[in-house]
Amino acid sequence: MNANRLMGAWLTSCLFFMAVGPANATSPPAPGFVELRAVGKTFEGPSAIPHGWTTFRFVNASPMVHFALIDRLPEGVTVEDFNGLMVAFQAAMDAMNSGDAEAIEAAFGRFPAWVGDLARNGGPGFLSAGMTGEATVYLEPGQYVIECYVKSDGIFHTTPPGEGVPGMVLPLTVSEVPNGRAEPSANATVTIRNDGFELTDGALNTGRNTLRVEFAEQQAFPSFVGNDIHIMRVDGADDIARADGWFDWRLPAGLEDPAPVTLLGGLNDLAAGEHGYITVDLDAGDYALIAEVPAPAAAGLVLPFSVGEADPAE
Ligand SMILES: [Cu+2]
């Protein structure tokens, strides 16, 4: 957009603002709020934001399940380096699908040494097609990427679709400028330990909930994943078992779109001792908290819960 068109757009928005007041749909998000959209297999969102408590309103405007994991890049690692790592992950996945032990070892051997230094900084959890989720985390100034490694036809969304074309990876610079946002308050708290979720304060209800998530412990699985939390609907007796088999990205059907259950968002990994928030609207019904780890039920990282009145027709 050139300068004249920018000025024109600015004037138009000023006139519109004067005409209809602050409720107009073109208002930028309030400080500390970011709108992130999943469109096809790409993210749309800002490239730079101020630092502080930040709510990511994640709009899944695609026909696929997605999530938005925020990684802080280690010092000296570029977004291009990160996209190179995504190529290595796809090679490892392809080798695992072929069952060739030598190829698997070779693929993992090509991972850069810094892969273990990627710092996870939360971000919105798994969200089914067409839904909107909200997660709030504290972001320090730094260079981040937001990634989604759900698979479609065995290909991670993060895998670059062509030379120099990034996959579902959105670079995000968090500046030294503070956003001034106060920390949210919550109506319930869940504490995550390595062997389970525990509701440690308050309760989840029908309607809007803000759930504080305390990462009392964090762990590193061999598949590079750790403790996190996602909210799924439980519509039938087998739903938890179906989800349990889906949450291991190393399996051919693992994290493959579509998910076998409806996913309402969540909060990706934070370090031990840190906390963040999930905001979610719940209808009366049955749900479960579940982690994206291999065999979450056996790991203890599934917690069923219900809200509201039981439907007498069921
Ligand atoms: Cu995705």
# chains A, B, ... in the order shown; residues from 1 in each chain; ligands from 1

call {"tool": "residues_near_ligand", "arguments": {"ligand": "ligand 1", "cutoff": "12 Å", "atoms": "only C-alpha atoms and all ligand atoms", "output": "PyMOL selection string"}}
result
chain A and resi 37-43+58+60-69+124-129+146-152+155-159+167-170+255-259

call {"tool": "residues_around", "arguments": {"residues": "segment 236-239 of chain A", "least_positions_apart": "4", "cutoff": "10 Å", "atoms": "only C-alpha atoms", "output": "list in words"}}
result
Met232, Ala243, Asp244, Pro260, Val261, Thr262, Asp286, Tyr287 and Ala288 of chain A

call {"tool": "atom_distance", "arguments": {"atom1": "atom CA of Thr54 of chain A", "atom2": "atom CA of Leu85 of chain A"}}
result
27.0 Å

call {"tool": "atom_distance", "arguments": {"atom1": "atom CA of Gly265 of chain A", "atom2": "atom CA of Pro222 of chain A"}}
result
24.4 Å

call {"tool": "closest_residue", "arguments": {"among": "A:Asn209, A:Ser175, A:Asn121, A:Gln219", "to": "His275 of chain A", "atoms": "only C-alpha atoms"}}
result
A:Asn121

call {"tool": "decode", "arguments": {"residues": "segment 64-171 of chain A", "atoms": "C-alpha atoms", "output": "mmCIF file, in the first residue's frame"}}
result
data_model
loop_
_atom_site.group_PDB
_atom_site.id
_atom_site.type_symbol
_atom_site.label_atom_id
_atom_site.label_comp_id
_atom_site.auth_asym_id
_atom_site.auth_seq_id
_atom_site.Cartn_x
_atom_site.Cartn_y
_atom_site.Cartn_z
ATOM 1 C CA MET A 64 -8.585 -27.955 9.627
ATOM 2 C CA VAL A 65 -7.527 -28.367 13.254
ATOM 3 C CA HIS A 66 -4.593 -26.141 14.238
ATOM 4 C CA PHE A 67 -2.744 -24.906 17.291
ATOM 5 C CA ALA A 68 -0.332 -22.034 17.888
ATOM 6 C CA LEU A 69 2.791 -22.939 19.861
ATOM 7 C CA ILE A 70 5.006 -19.954 20.661
ATOM 8 C CA ASP A 71 8.744 -20.756 20.678
ATOM 9 C CA ARG A 72 11.433 -18.313 21.726
ATOM 10 C CA LEU A 73 14.432 -18.657 19.430
ATOM 11 C CA PRO A 74 17.810 -19.192 21.117
ATOM 12 C CA GLU A 75 20.377 -16.395 20.706
ATOM 13 C CA GLY A 76 21.825 -16.429 17.190
ATOM 14 C CA VAL A 77 19.172 -18.757 15.721
ATOM 15 C CA THR A 78 17.214 -17.199 12.843
ATOM 16 C CA VAL A 79 13.723 -17.849 11.497
ATOM 17 C CA GLU A 80 15.441 -19.408 8.435
ATOM 18 C CA ASP A 81 17.322 -21.789 10.763
ATOM 19 C CA PHE A 82 13.989 -22.690 12.355
ATOM 20 C CA ASN A 83 12.435 -23.398 8.951
ATOM 21 C CA GLY A 84 15.446 -25.631 8.202
ATOM 22 C CA LEU A 85 14.684 -27.571 11.377
ATOM 23 C CA MET A 86 11.125 -28.048 10.116
ATOM 24 C CA VAL A 87 12.551 -29.730 6.983
ATOM 25 C CA ALA A 88 14.578 -32.043 9.259
ATOM 26 C CA PHE A 89 11.450 -32.925 11.278
ATOM 27 C CA GLN A 90 9.591 -33.878 8.092
ATOM 28 C CA ALA A 91 12.537 -36.067 6.988
ATOM 29 C CA ALA A 92 12.419 -37.787 10.398
ATOM 30 C CA MET A 93 8.656 -38.288 10.069
ATOM 31 C CA ASP A 94 9.022 -39.746 6.558
ATOM 32 C CA ALA A 95 11.743 -42.108 7.826
ATOM 33 C CA MET A 96 9.519 -43.205 10.740
ATOM 34 C CA ASN A 97 6.622 -43.837 8.363
ATOM 35 C CA SER A 98 8.885 -46.018 6.200
ATOM 36 C CA GLY A 99 10.101 -47.914 9.281
ATOM 37 C CA ASP A 100 13.728 -47.698 8.099
ATOM 38 C CA ALA A 101 15.770 -47.663 11.334
ATOM 39 C CA GLU A 102 18.926 -46.368 9.636
ATOM 40 C CA ALA A 103 17.048 -43.537 7.932
ATOM 41 C CA ILE A 104 15.406 -42.622 11.238
ATOM 42 C CA GLU A 105 18.744 -42.431 13.004
ATOM 43 C CA ALA A 106 20.262 -40.412 10.160
ATOM 44 C CA ALA A 107 17.315 -37.990 10.142
ATOM 45 C CA PHE A 108 17.496 -37.323 13.879
ATOM 46 C CA GLY A 109 21.294 -37.021 13.544
ATOM 47 C CA ARG A 110 20.792 -34.006 11.267
ATOM 48 C CA PHE A 111 18.915 -32.049 13.953
ATOM 49 C CA PRO A 112 20.897 -28.970 15.027
ATOM 50 C CA ALA A 113 22.313 -28.857 18.563
ATOM 51 C CA TRP A 114 20.100 -25.851 19.448
ATOM 52 C CA VAL A 115 16.864 -27.848 19.111
ATOM 53 C CA GLY A 116 17.028 -28.510 22.867
ATOM 54 C CA ASP A 117 17.395 -24.788 23.566
ATOM 55 C CA LEU A 118 14.103 -23.743 21.945
ATOM 56 C CA ALA A 119 12.140 -22.195 24.802
ATOM 57 C CA ARG A 120 8.417 -22.910 24.707
ATOM 58 C CA ASN A 121 6.288 -19.932 25.670
ATOM 59 C CA GLY A 122 2.714 -21.236 25.600
ATOM 60 C CA GLY A 123 0.247 -20.063 22.967
ATOM 61 C CA PRO A 124 -3.263 -21.256 22.067
ATOM 62 C CA GLY A 125 -3.840 -25.021 22.118
ATOM 63 C CA PHE A 126 -5.529 -27.345 19.619
ATOM 64 C CA LEU A 127 -8.632 -25.803 18.082
ATOM 65 C CA SER A 128 -11.086 -27.515 15.745
ATOM 66 C CA ALA A 129 -12.064 -26.007 12.381
ATOM 67 C CA GLY A 130 -14.131 -22.833 12.531
ATOM 68 C CA MET A 131 -13.658 -22.235 16.263
ATOM 69 C CA THR A 132 -12.072 -19.411 18.236
ATOM 70 C CA GLY A 133 -9.827 -19.931 21.266
ATOM 71 C CA GLU A 134 -8.007 -17.655 23.675
ATOM 72 C CA ALA A 135 -4.790 -18.096 25.603
ATOM 73 C CA THR A 136 -2.851 -15.537 27.627
ATOM 74 C CA VAL A 137 0.880 -15.661 28.375
ATOM 75 C CA TYR A 138 3.595 -13.306 29.542
ATOM 76 C CA LEU A 139 6.029 -12.513 26.755
ATOM 77 C CA GLU A 140 9.479 -11.105 27.461
ATOM 78 C CA PRO A 141 11.151 -9.053 24.715
ATOM 79 C CA GLY A 142 12.795 -11.320 22.132
ATOM 80 C CA GLN A 143 12.469 -13.121 18.827
ATOM 81 C CA TYR A 144 9.770 -15.770 18.636
ATOM 82 C CA VAL A 145 8.083 -18.010 16.097
ATOM 83 C CA ILE A 146 4.521 -19.303 16.292
ATOM 84 C CA GLU A 147 4.190 -22.802 14.833
ATOM 85 C CA CYS A 148 1.556 -25.446 14.102
ATOM 86 C CA TYR A 149 2.738 -28.999 13.376
ATOM 87 C CA VAL A 150 -0.620 -30.667 12.849
ATOM 88 C CA LYS A 151 -0.330 -32.960 9.793
ATOM 89 C CA SER A 152 -2.327 -33.089 6.577
ATOM 90 C CA ASP A 153 -1.634 -36.175 4.400
ATOM 91 C CA GLY A 154 1.396 -36.950 6.560
ATOM 92 C CA ILE A 155 2.979 -33.519 6.039
ATOM 93 C CA PHE A 156 3.437 -31.253 9.041
ATOM 94 C CA HIS A 157 1.876 -27.821 8.547
ATOM 95 C CA THR A 158 5.277 -26.440 9.578
ATOM 96 C CA THR A 159 7.019 -28.116 6.626
ATOM 97 C CA PRO A 160 7.993 -25.546 3.970
ATOM 98 C CA PRO A 161 5.838 -26.297 0.896
ATOM 99 C CA GLY A 162 8.622 -25.121 -1.416
ATOM 100 C CA GLU A 163 12.147 -23.734 -1.488
ATOM 101 C CA GLY A 164 12.174 -20.502 0.558
ATOM 102 C CA VAL A 165 8.425 -20.738 1.251
ATOM 103 C CA PRO A 166 7.757 -21.099 4.996
ATOM 104 C CA GLY A 167 5.189 -23.518 6.348
ATOM 105 C CA MET A 168 2.816 -22.691 9.188
ATOM 106 C CA VAL A 169 5.427 -20.617 11.011
ATOM 107 C CA LEU A 170 4.890 -16.962 11.896
ATOM 108 C CA PRO A 171 7.874 -14.912 13.095
#
